[in-house]
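What's in query-v2.tsv: TSV, C-alpha atoms
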chain	number	residue	atom	x	y	z
E	282	MET	CA	92.21	74.71	84.13
E	283	SER	CA	95.16	76.21	82.29
E	284	LYS	CA	95.02	79.74	80.96
E	285	ARG	CA	95.61	79.82	77.20
E	286	PHE	CA	97.22	82.47	75.03
E	287	VAL	CA	97.96	83.25	71.40
E	288	ASP	CA	101.22	84.95	70.41
E	289	LEU	CA	101.23	86.89	67.12
E	290	PHE	CA	104.52	88.05	65.55
E	291	ALA	CA	105.96	85.48	67.93
E	292	GLY	CA	109.51	85.46	66.56
E	293	CYS	CA	111.67	82.90	68.32
E	294	GLY	CA	109.44	83.08	71.40
E	295	GLY	CA	110.80	85.48	74.05
E	296	LEU	CA	107.37	86.93	74.86
E	297	SER	CA	105.81	83.47	74.79
E	298	LEU	CA	108.42	82.03	77.11
E	299	GLY	CA	107.77	84.79	79.63
E	300	MET	CA	104.05	84.08	79.48
E	301	GLU	CA	104.67	80.35	79.94
E	302	LYS	CA	106.86	81.05	82.98
E	303	ALA	CA	103.95	83.13	84.32
E	304	GLY	CA	101.69	80.06	84.07
E	305	PHE	CA	100.06	80.47	80.65
E	306	GLU	CA	99.85	77.69	78.06
E	307	VAL	CA	100.43	78.53	74.40
E	308	ALA	CA	97.35	77.65	72.35
E	309	PHE	CA	98.62	79.03	69.04
E	310	ALA	CA	101.43	81.15	67.64
E	311	SER	CA	102.19	82.86	64.36
E	312	ASP	CA	105.21	84.36	62.65
E	313	ILE	CA	106.18	84.97	59.03
E	314	ASP	CA	109.82	83.85	59.42
E	315	PRO	CA	110.33	80.07	59.03
E	316	ILE	CA	113.68	80.09	60.88
E	317	CYS	CA	112.22	81.90	63.90
E	318	SER	CA	109.28	79.52	63.77
E	319	GLU	CA	111.62	76.51	63.81
E	320	THR	CA	113.26	77.85	66.98
E	321	TYR	CA	109.85	78.54	68.50
E	322	ILE	CA	108.50	75.05	67.79
E	323	LYS	CA	111.60	73.04	68.76
E	324	ASN	CA	112.02	74.74	72.13
E	325	ARG	CA	108.55	73.76	73.28
E	326	SER	CA	107.74	70.60	71.28
E	327	LEU	CA	104.74	72.47	69.88
E	328	GLU	CA	102.43	70.63	67.54
E	329	LYS	CA	102.92	72.03	64.04
E	330	ASN	CA	99.21	72.69	63.60
E	331	LYS	CA	99.49	75.21	66.46
E	332	MET	CA	102.02	77.36	64.62
E	333	PHE	CA	101.08	79.39	61.55
E	334	VAL	CA	104.12	80.32	59.48
E	335	GLY	CA	103.03	83.15	57.22
E	336	ASP	CA	101.53	86.62	56.99
E	337	ILE	CA	98.99	87.53	59.66
E	338	ALA	CA	96.65	88.76	56.93
E	339	ASP	CA	96.56	85.20	55.57
E	340	LEU	CA	95.90	83.90	59.07
E	341	ASN	CA	92.94	86.25	59.42
E	342	ASN	CA	91.64	85.22	55.98
E	343	ARG	CA	91.89	81.56	56.96
E	344	PHE	CA	90.64	82.14	60.50
E	345	ASN	CA	87.97	79.43	60.32
E	346	GLU	CA	90.56	76.75	59.54
E	347	PHE	CA	92.20	77.35	62.90
E	348	SER	CA	89.23	78.57	64.93
E	349	GLN	CA	89.26	75.46	67.14
E	350	ASN	CA	92.48	76.81	68.68
E	351	PHE	CA	90.91	80.18	69.46
E	352	LYS	CA	87.98	79.17	71.64
E	353	ASN	CA	87.97	80.71	75.13
E	354	ILE	CA	91.34	82.40	74.69
E	355	ASP	CA	92.44	84.22	77.83
E	356	LEU	CA	95.16	86.35	76.27
E	357	VAL	CA	96.40	87.51	72.87
E	358	CYS	CA	99.81	89.14	72.83
E	359	GLY	CA	102.25	90.40	70.23
E	360	GLY	CA	104.20	93.32	68.85
E	361	PRO	CA	102.96	94.27	65.39
E	362	PRO	CA	105.71	96.11	63.46
E	363	CYS	CA	104.73	99.74	62.85
E	364	GLN	CA	106.75	101.91	60.49
E	365	GLY	CA	104.39	104.90	60.48
E	366	PHE	CA	104.80	106.12	64.05
E	367	SER	CA	106.90	109.21	63.28
E	368	MET	CA	105.50	112.50	64.61
E	369	ALA	CA	106.12	113.90	61.13
E	370	ASN	CA	103.80	111.31	59.62
E	371	ARG	CA	100.36	112.94	59.42
E	372	GLN	CA	98.62	109.90	58.04
E	373	ARG	CA	96.45	107.93	60.46
E	374	LEU	CA	98.19	104.78	61.67
E	375	ILE	CA	95.28	102.58	60.64
E	376	ASN	CA	95.31	104.02	57.10
E	377	ASP	CA	99.07	104.03	56.59
E	378	PRO	CA	99.86	101.15	54.18
E	379	ARG	CA	103.10	100.52	56.08
E	380	ASN	CA	101.06	99.57	59.13
E	381	SER	CA	98.94	96.82	57.64
E	382	LEU	CA	100.30	94.38	60.24
E	383	TYR	CA	99.11	96.63	63.06
E	384	LYS	CA	95.67	96.72	61.48
E	385	GLU	CA	95.61	92.91	61.09
E	386	TYR	CA	96.52	92.55	64.78
E	387	LEU	CA	93.38	94.54	65.65
E	388	VAL	CA	91.33	92.42	63.23
E	389	PHE	CA	92.53	89.27	65.03
E	390	LEU	CA	91.53	90.75	68.40
E	391	GLN	CA	88.14	91.59	66.93
E	392	LYS	CA	87.67	87.99	65.79
E	393	THR	CA	88.92	86.23	68.93
E	394	LYS	CA	87.74	88.60	71.70
E	395	PRO	CA	90.28	87.42	74.32
E	396	LYS	CA	89.81	88.31	77.98
E	397	PHE	CA	93.12	90.23	77.85
E	398	PHE	CA	95.42	91.53	75.16
E	399	ILE	CA	98.96	92.83	75.40
E	400	MET	CA	100.52	94.91	72.62
E	401	GLU	CA	104.26	95.52	72.84
E	402	ASN	CA	106.23	97.97	70.70
E	403	VAL	CA	109.05	100.48	70.50
E	404	LYS	CA	108.95	103.56	72.71
E	405	GLY	CA	108.42	105.71	69.60
E	406	MET	CA	104.88	104.36	69.32
E	407	LEU	CA	104.05	106.57	72.28
E	408	ASN	CA	103.98	109.43	69.73
E	409	LYS	CA	100.83	107.85	68.29
E	410	ILE	CA	99.21	106.49	71.44
E	411	ASP	CA	96.08	108.64	71.05
E	412	GLU	CA	95.52	107.15	67.60
E	413	ILE	CA	96.19	103.64	68.92
E	414	LEU	CA	93.52	104.06	71.60
E	415	ILE	CA	91.04	105.36	68.99
E	416	ASP	CA	91.83	102.44	66.68
E	417	ILE	CA	91.34	99.93	69.49
E	418	LYS	CA	87.95	101.44	70.24
E	419	THR	CA	87.05	101.45	66.51
E	420	TYR	CA	87.75	97.71	66.22
E	421	LEU	CA	86.76	96.50	69.68
E	422	GLY	CA	84.14	99.02	70.78
E	423	ASN	CA	83.93	100.03	74.42
E	424	GLU	CA	84.30	96.44	75.62
E	425	TYR	CA	87.95	96.76	76.70
E	426	ASP	CA	89.47	98.88	79.44
E	427	VAL	CA	92.91	99.90	78.16
E	428	ALA	CA	96.02	101.40	79.74
E	429	PHE	CA	99.63	101.82	78.65
E	430	ASP	CA	103.10	102.89	79.76
E	431	VAL	CA	106.74	102.69	78.78
E	432	PHE	CA	108.78	100.15	80.75
E	433	ASN	CA	112.55	99.81	80.81
E	434	ALA	CA	113.68	96.19	80.99
E	435	LYS	CA	116.69	97.19	83.13
E	436	ASN	CA	114.30	97.75	86.05
E	437	PHE	CA	113.20	94.10	85.97
E	438	GLY	CA	116.58	92.40	86.26
E	439	VAL	CA	117.32	92.48	82.53
E	440	PRO	CA	120.94	93.72	82.15
E	441	GLN	CA	120.31	96.12	79.29
E	442	ASN	CA	118.74	99.48	78.56
E	443	ARG	CA	115.58	98.54	76.63
E	444	GLU	CA	112.50	100.76	76.69
E	445	ARG	CA	109.24	99.35	75.33
E	446	LEU	CA	105.68	100.61	75.13
E	447	ILE	CA	103.25	98.13	76.68
E	448	VAL	CA	99.50	98.44	76.02
E	449	ILE	CA	97.21	96.22	78.10
E	450	GLY	CA	93.46	95.78	77.62
E	451	ASN	CA	90.84	93.55	79.22
E	452	ARG	CA	87.10	92.95	79.01
E	453	ILE	CA	86.53	91.37	82.43
E	454	GLY	CA	85.94	94.55	84.38
E	455	ILE	CA	89.48	95.19	85.67
E	456	LYS	CA	91.04	98.63	85.61
E	457	ALA	CA	93.96	98.15	83.23
E	458	GLN	CA	95.80	101.03	84.91
E	459	THR	CA	95.91	98.97	88.11
E	460	ILE	CA	97.86	96.27	86.26
E	461	ILE	CA	100.24	98.87	84.83
E	462	ASN	CA	100.80	100.28	88.34
E	463	ASN	CA	101.41	96.82	89.77
E	464	ILE	CA	104.05	96.10	87.14
E	465	HIS	CA	105.86	99.31	88.09
E	466	GLU	CA	105.72	98.28	91.76
E	467	LYS	CA	107.74	95.19	90.86
E	468	GLU	CA	110.64	97.45	89.86
E	469	LYS	CA	111.38	97.99	93.58
E	470	GLU	CA	111.52	94.27	94.39
E	471	ILE	CA	113.69	92.73	91.67
E	472	ASN	CA	117.47	92.40	91.93
E	473	LYS	CA	119.35	94.31	89.26
E	474	PHE	CA	122.21	92.77	87.26
E	475	SER	CA	125.14	94.18	85.30
E	476	LEU	CA	126.53	92.95	82.00
E	477	GLY	CA	129.37	91.28	83.90
E	478	ASP	CA	126.88	89.41	86.08
E	479	ALA	CA	125.25	88.05	82.94
E	480	ILE	CA	128.23	86.90	80.87
E	481	SER	CA	131.48	86.78	82.86
E	482	ASP	CA	131.09	83.10	83.81
E	483	LEU	CA	130.83	81.88	80.20
E	484	PRO	CA	133.92	80.35	78.51
E	485	VAL	CA	136.52	82.70	77.05
E	486	LEU	CA	136.57	82.79	73.23
E	487	GLU	CA	139.51	83.85	71.10
E	488	PRO	CA	139.14	86.16	68.08
E	489	ASN	CA	138.02	84.32	64.95
E	490	ARG	CA	140.38	85.25	62.10
E	491	ILE	CA	139.30	82.62	59.57
E	492	LYS	CA	136.65	83.74	57.08
E	493	ASN	CA	133.74	81.49	56.08
E	494	ASN	CA	134.42	78.99	58.84
E	495	ASN	CA	130.98	78.87	60.45
E	496	LYS	CA	131.04	75.08	60.31
E	497	ILE	CA	134.20	74.84	62.42
E	498	GLU	CA	133.53	73.88	66.04
E	499	CYS	CA	136.40	74.24	68.52
E	500	LYS	CA	137.24	75.39	72.02
E	501	GLU	CA	139.05	78.49	70.75
E	502	THR	CA	136.18	80.11	68.79
E	503	GLY	CA	133.23	78.22	70.26
E	504	PHE	CA	130.58	75.60	69.69
E	505	THR	CA	126.99	75.40	68.51
E	506	CYS	CA	126.57	72.89	71.34
E	507	THR	CA	129.04	71.47	73.84
E	508	GLU	CA	128.98	69.91	77.29
E	509	HIS	CA	129.52	72.49	79.99
E	510	SER	CA	129.63	72.76	83.79
E	511	TYR	CA	127.95	76.01	84.82
E	512	ILE	CA	128.86	78.14	87.81
E	513	LYS	CA	125.72	78.66	89.90
E	514	THR	CA	125.79	82.46	90.09
E	515	SER	CA	122.80	84.53	91.19
E	516	PHE	CA	122.22	85.46	87.54
E	517	TYR	CA	122.30	81.79	86.53
E	518	THR	CA	119.56	81.12	89.07
E	519	PHE	CA	117.63	84.21	87.90
E	520	ILE	CA	117.32	82.93	84.32
E	521	ASN	CA	117.44	79.15	84.91
E	522	GLY	CA	115.91	78.61	88.35
E	523	ASN	CA	117.19	75.45	90.00
E	524	LYS	CA	117.45	73.59	86.69
E	525	LYS	CA	120.76	71.78	86.15
E	526	ILE	CA	121.82	72.43	82.57
E	527	LYS	CA	124.62	70.30	81.12
E	528	PHE	CA	125.11	71.84	77.69
E	529	LEU	CA	126.18	75.25	76.39
E	530	HIS	CA	124.41	76.30	73.19
E	531	ASN	CA	125.13	79.01	70.57
E	532	HIS	CA	128.30	80.27	72.28
E	533	LYS	CA	130.31	80.78	69.12
E	534	ASN	CA	132.47	83.64	67.83
E	535	ARG	CA	132.19	85.12	64.35
E	536	PHE	CA	134.88	86.18	61.89
E	537	ASN	CA	136.55	89.57	62.25
E	538	ASN	CA	139.39	91.02	60.20
E	539	ASP	CA	142.72	91.87	61.82
E	540	ARG	CA	142.02	95.62	61.93
E	541	ASP	CA	138.76	95.15	63.81
E	542	ILE	CA	140.35	92.71	66.25
E	543	GLU	CA	143.09	95.28	66.92
E	544	ILE	CA	140.42	97.94	67.55
E	545	PHE	CA	138.58	95.57	69.90
E	546	ALA	CA	141.79	94.95	71.86
E	547	ARG	CA	142.87	98.61	72.13
E	548	LEU	CA	139.58	100.19	73.15
E	549	PRO	CA	138.99	100.60	76.90
E	550	GLN	CA	135.60	99.72	78.33
E	551	GLY	CA	133.18	102.53	77.43
E	552	GLY	CA	135.38	103.64	74.53
E	553	ASN	CA	133.89	104.33	71.10
E	554	SER	CA	135.07	105.19	67.59
E	555	LEU	CA	136.38	108.61	68.68
E	556	HIS	CA	138.73	107.23	71.32
E	557	GLU	CA	142.41	108.24	71.09
E	558	SER	CA	143.57	104.62	71.37
E	559	ILE	CA	142.34	103.77	67.86
E	560	LYS	CA	142.78	107.13	66.13
E	561	ASP	CA	145.55	105.85	63.84
E	562	ILE	CA	143.56	102.83	62.57
E	563	MET	CA	140.00	104.10	62.70
E	564	PRO	CA	138.61	103.44	59.16
E	565	TYR	CA	135.86	106.10	59.20
E	566	LYS	CA	137.77	109.25	60.22
E	567	SER	CA	136.09	111.47	57.63
E	568	ARG	CA	132.68	110.53	58.98
E	569	ASN	CA	133.35	110.39	62.71
E	570	ASN	CA	130.30	112.53	63.42
E	571	ILE	CA	128.14	109.77	61.89
E	572	PHE	CA	130.08	106.72	63.04
E	573	LYS	CA	131.07	107.59	66.62
E	574	ASP	CA	129.36	104.41	67.81
E	575	LYS	CA	130.51	102.28	64.89
E	576	TYR	CA	132.71	100.68	67.54
E	577	TYR	CA	131.82	100.53	71.21
E	578	LYS	CA	133.31	98.43	73.99
E	579	LEU	CA	130.76	97.49	76.60
E	580	LYS	CA	131.34	98.08	80.32
E	581	ALA	CA	131.26	95.01	82.56
E	582	ASP	CA	130.03	96.90	85.63
E	583	ASP	CA	127.18	98.61	83.75
E	584	ILE	CA	124.15	97.37	81.85
E	585	CYS	CA	124.39	96.62	78.14
E	586	LYS	CA	123.09	98.91	75.42
E	587	THR	CA	119.90	97.66	73.70
E	588	ILE	CA	120.42	94.31	72.00
E	589	THR	CA	119.15	94.64	68.41
E	590	SER	CA	118.90	92.53	65.27
E	591	HIS	CA	121.70	94.65	63.73
E	592	MET	CA	124.05	92.18	65.43
E	593	LYS	CA	123.39	89.82	62.52
E	594	PHE	CA	125.59	92.15	60.41
E	595	ASP	CA	128.36	92.79	62.94
E	596	CYS	CA	128.92	93.15	66.67
E	597	ASN	CA	131.26	96.17	66.48
E	598	MET	CA	128.89	98.14	68.72
E	599	TYR	CA	128.80	95.23	71.16
E	600	ILE	CA	132.47	94.54	71.89
E	601	HIS	CA	133.04	92.18	74.80
E	602	PRO	CA	134.35	94.15	77.81
E	603	THR	CA	137.41	91.94	78.41
E	604	GLN	CA	137.91	89.90	75.21
E	605	ALA	CA	138.88	91.13	71.70
E	606	ARG	CA	135.64	90.09	69.99
E	607	GLY	CA	131.96	90.89	69.74
E	608	LEU	CA	129.38	89.27	71.98
E	609	SER	CA	128.46	85.70	71.13
E	610	PRO	CA	124.81	84.82	70.46
E	611	ARG	CA	124.61	83.04	73.84
E	612	GLU	CA	125.87	86.15	75.61
E	613	ALA	CA	123.27	88.26	73.77
E	614	ALA	CA	120.62	85.69	74.72
E	615	ARG	CA	121.61	85.91	78.38
E	616	ILE	CA	121.33	89.70	78.21
E	617	GLN	CA	117.79	89.11	76.91
E	618	THR	CA	117.30	86.72	79.91
E	619	PHE	CA	116.71	83.60	77.83
E	620	PRO	CA	117.47	80.48	79.90
E	621	ASP	CA	120.62	78.59	78.97
E	622	ASP	CA	118.72	75.58	77.63
E	623	PHE	CA	116.84	77.69	75.05
E	624	ILE	CA	118.41	76.77	71.69
E	625	PHE	CA	118.52	79.00	68.62
E	626	TYR	CA	118.26	77.20	65.27
E	627	GLY	CA	119.16	78.19	61.72
E	628	PRO	CA	122.34	79.86	60.38
E	629	GLN	CA	124.65	81.51	62.94
E	630	ASN	CA	123.87	85.09	61.89
E	631	SER	CA	120.15	84.37	62.22
E	632	TRP	CA	120.68	83.58	65.90
E	633	TYR	CA	121.51	87.25	66.45
E	634	LYS	CA	118.43	88.40	64.54
E	635	GLN	CA	116.14	86.13	66.54
E	636	ILE	CA	117.63	87.27	69.84
E	637	GLY	CA	117.67	90.97	68.95
E	638	ASN	CA	114.01	91.00	67.93
E	639	ALA	CA	112.80	89.17	71.04
E	640	VAL	CA	111.05	90.56	74.09
E	641	PRO	CA	113.25	90.02	77.18
E	642	VAL	CA	111.92	86.88	78.84
E	643	LYS	CA	111.96	88.24	82.40
E	644	LEU	CA	110.13	91.44	81.45
E	645	ALA	CA	107.47	89.34	79.70
E	646	GLN	CA	107.20	87.07	82.73
E	647	ILE	CA	106.50	89.96	85.12
E	648	ILE	CA	103.80	91.33	82.80
E	649	GLY	CA	102.29	87.85	82.44
E	650	GLU	CA	102.23	87.28	86.21
E	651	GLU	CA	100.35	90.51	86.80
E	652	VAL	CA	97.75	89.61	84.14
E	653	MET	CA	97.46	86.06	85.51
E	654	LYS	CA	96.40	87.39	88.93
E	655	TYR	CA	93.06	88.44	87.43
E	656	LEU	CA	92.37	85.16	85.67
Output the file's structure in the form of structure tokens.
Amino acid sequence: MSKRFVDLFAGCGGLSLGMEKAGFEVAFASDIDPICSETYIKNRSLEKNKMFVGDIADLNNRFNEFSQNFKNIDLVCGGPPCQGFSMANRQRLINDPRNSLYKEYLVFLQKTKPKFFIMENVKGMLNKIDEILIDIKTYLGNEYDVAFDVFNAKNFGVPQNRERLIVIGNRIGIKAQTIINNIHEKEKEINKFSLGDAISDLPVLEPNRIKNNNKIECKETGFTCTEHSYIKTSFYTFINGNKKIKFLHNHKNRFNNDRDIEIFARLPQGGNSLHESIKDIMPYKSRNNIFKDKYYKLKADDICKTITSHMKFDCNMYIHPTQARGLSPREAARIQTFPDDFIFYGPQNSWYKQIGNAVPVKLAQIIGEEVMKYL
């Protein structure tokens, strides 16, 4: 019998995909963003009645309408956005109006009583972990054994520096700390990859100098979808397994002005806004102390900096190590360990947002596999 899970704040589905690769079956998912939800649904042919597009508070209020999907749920996972985690914030997390989504996540756990739950969030939430544990006990009683730790995705084969707080709870009599320890043990076993390992085999793209040309599809600046023969590198196998993929999706360059393209070309790998090579054309000289990372050229033989949704605005902090452009969405997706046949839908800039907000697939898979052992 398959093990079923619910993903809240599912986004485009990075966390879900990791759980599915670990052997779980998605029973239901929810996200407020219709574009993310479209990507989520289309990549897994999910029935529309198993995806709630809207606010989690509305989902909780309409719980009975969907309750058939929540019977005997093995796992609920998700990363509720929390804006009130600053150490300077003296207001209780559960009472801070900015954290209503966090509270609704706990309400959903209270209603569904899954065997396991996983809560994923930024490292900064560690500042409030004592409150989080109190809140969990307030909503769920003493039924769940809970443990937590910060994990860096780079230790699990993900070629980027990405630290996340993972909280795991269960009500089946397992020491949650054992699961946390087992996940850390996996760090010793998994091959590590650099940025170059992840993206160097993808087609070269030229700088895109034509504004408002997102509809143009060509070899020079890239395609939304095109036929492609992949090189079977170790990283390809890591994210795709033995699957033979015949199409390249979302590998498309965005517009940059001539000055930025010149900056991209001049900077050496590892160089930022303060580098001598761009001193004469750097546009933010008076604010260098603020904008030192306004431009940054990534290093091929190192891991990538954290992929974020800021890429939807520009990729100046994510300059390709050997080409005068920012990373393409497909390159960012590879750094997040999405398989090459995972397609991002919606406008081009939204691809970056979806990718940047996702949980790295391979990190999610390792966590899911460790939970699955006890089910």
Within 9 Å of region 599-616 of chain E using only C-alpha atoms, minus same-chain residues under 3 positions, as a count of residues only: 58
Can you tell me which residues surround Gly649 (chain E) at a distance of at most 7 Å, considering only C-alpha atoms, apart from same-chain residues fewer than 3 positions away, and format the answer as a PDB file with C-alpha atoms, in the coordinates of the input?
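Everything below was put into around27.pdb:
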ATOM      1  CA  GLY E 299     107.770  84.790  79.630  1.00  0.00           C
ATOM      2  CA  MET E 300     104.050  84.080  79.480  1.00  0.00           C
ATOM      3  CA  ALA E 303     103.950  83.130  84.320  1.00  0.00           C
ATOM      4  CA  ALA E 645     107.470  89.340  79.700  1.00  0.00           C
ATOM      5  CA  GLN E 646     107.200  87.070  82.730  1.00  0.00           C
ATOM      6  CA  VAL E 652      97.750  89.610  84.140  1.00  0.00           C
ATOM      7  CA  MET E 653      97.460  86.060  85.510  1.00  0.00           C
TER       8      MET E 653
END
Residue neighbourhood Lys469 (chain E), 12 Å, all atoms listed in the file, exclusion window fewer than 2 positions, as a list in words: Lys435, Asn436, Phe437, Gly438, Asn463, Ile464, His465, Glu466, Lys467, Ile471, Asn472 and Lys473 of chain E
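Nearest residue to Arg443 (chain E) among E:Ile460, E:Leu390, E:Ala639, E:Cys293 is E:Ala639, counting only C-alpha atoms.
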Name the residues in contact with Leu374 (chain E) at a cut-off of 9 Å, using all atoms listed in the file, excluding same-chain residues fewer than 6 positions from it; report them as a PDB file with C-alpha atoms, keeping the file's coordinate frame.
ATOM      1  CA  CYS E 363     104.730  99.740  62.850  1.00  0.00           C
ATOM      2  CA  GLY E 365     104.390 104.900  60.480  1.00  0.00           C
ATOM      3  CA  PHE E 366     104.800 106.120  64.050  1.00  0.00           C
ATOM      4  CA  ASN E 380     101.060  99.570  59.130  1.00  0.00           C
ATOM      5  CA  SER E 381      98.940  96.820  57.640  1.00  0.00           C
ATOM      6  CA  TYR E 383      99.110  96.630  63.060  1.00  0.00           C
ATOM      7  CA  LYS E 384      95.670  96.720  61.480  1.00  0.00           C
ATOM      8  CA  LYS E 409     100.830 107.850  68.290  1.00  0.00           C
ATOM      9  CA  GLU E 412      95.520 107.150  67.600  1.00  0.00           C
ATOM     10  CA  ILE E 413      96.190 103.640  68.920  1.00  0.00           C
ATOM     11  CA  ASP E 416      91.830 102.440  66.680  1.00  0.00           C
TER      12      ASP E 416
END
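For the set E:Leu356, E:Ala457, E:Leu298, E:Ala308, the residue with the smallest atom-to-atom gap to Lys329 (chain E) is E:Ala308, counting all atoms listed in the file.
Ranking E:Ile453, E:Ile316, E:Ala310, E:Ala338 by their shortest atom-to-atom distance to Val357 (chain E), with only C-alpha atoms included, puts E:Ala310 first.
The spacing separating CA of Tyr425 (chain E) from CA of Leu407 (chain E) amounts to 19.4 Å.
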What's the 10 Å shell around Lys496 (chain E), counting all atoms listed in the file, without same-chain residues fewer than 3 positions away, as a compact mmCIF listing (two decimals) with C-alpha atoms, in the coordinates of the input?
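This went into around-v8.txt:
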# COMPACT_ATOMS: atom_id res chain seq x y z
CA ASN E 493 133.74 81.49 56.08
CA CYS E 499 136.40 74.24 68.52
CA PHE E 504 130.58 75.60 69.69
CA THR E 505 126.99 75.40 68.51
CA PRO E 628 122.34 79.86 60.38
CA GLN E 629 124.65 81.51 62.94
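CA of Lys593 (chain E) to CA of Asn638 (chain E) spans 10.9 Å [interatomic distance, one decimal].
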Take the point (126.4, 100.3, 66.2) as written in the file and pick out every residue within 7 Å of it, counting all atoms listed in the file; give the list as a PyMOL selection string. chain E and resi 574-576+597-598
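Checking E:Gly450, E:Lys396, E:Asn442, E:Ile415 one by one against Phe429 (chain E), counting all atoms listed in the file, you find the shortest gap at E:Gly450.
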So, counting all atoms listed in the file, which residue among E:Phe594, E:Phe474, E:Phe536, E:Phe389 is closest to Lys492 (chain E)? E:Phe536
Please determine, counting only C-alpha atoms, which residue among E:Glu328, E:Ser311, E:Asn451, E:Arg490 has the shortest atom-to-atom distance to Gly292 (chain E). E:Ser311
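Taking CA of Tyr511 (chain E) as the reference point, CA of Thr618 (chain E) is found at 15.9 Å.
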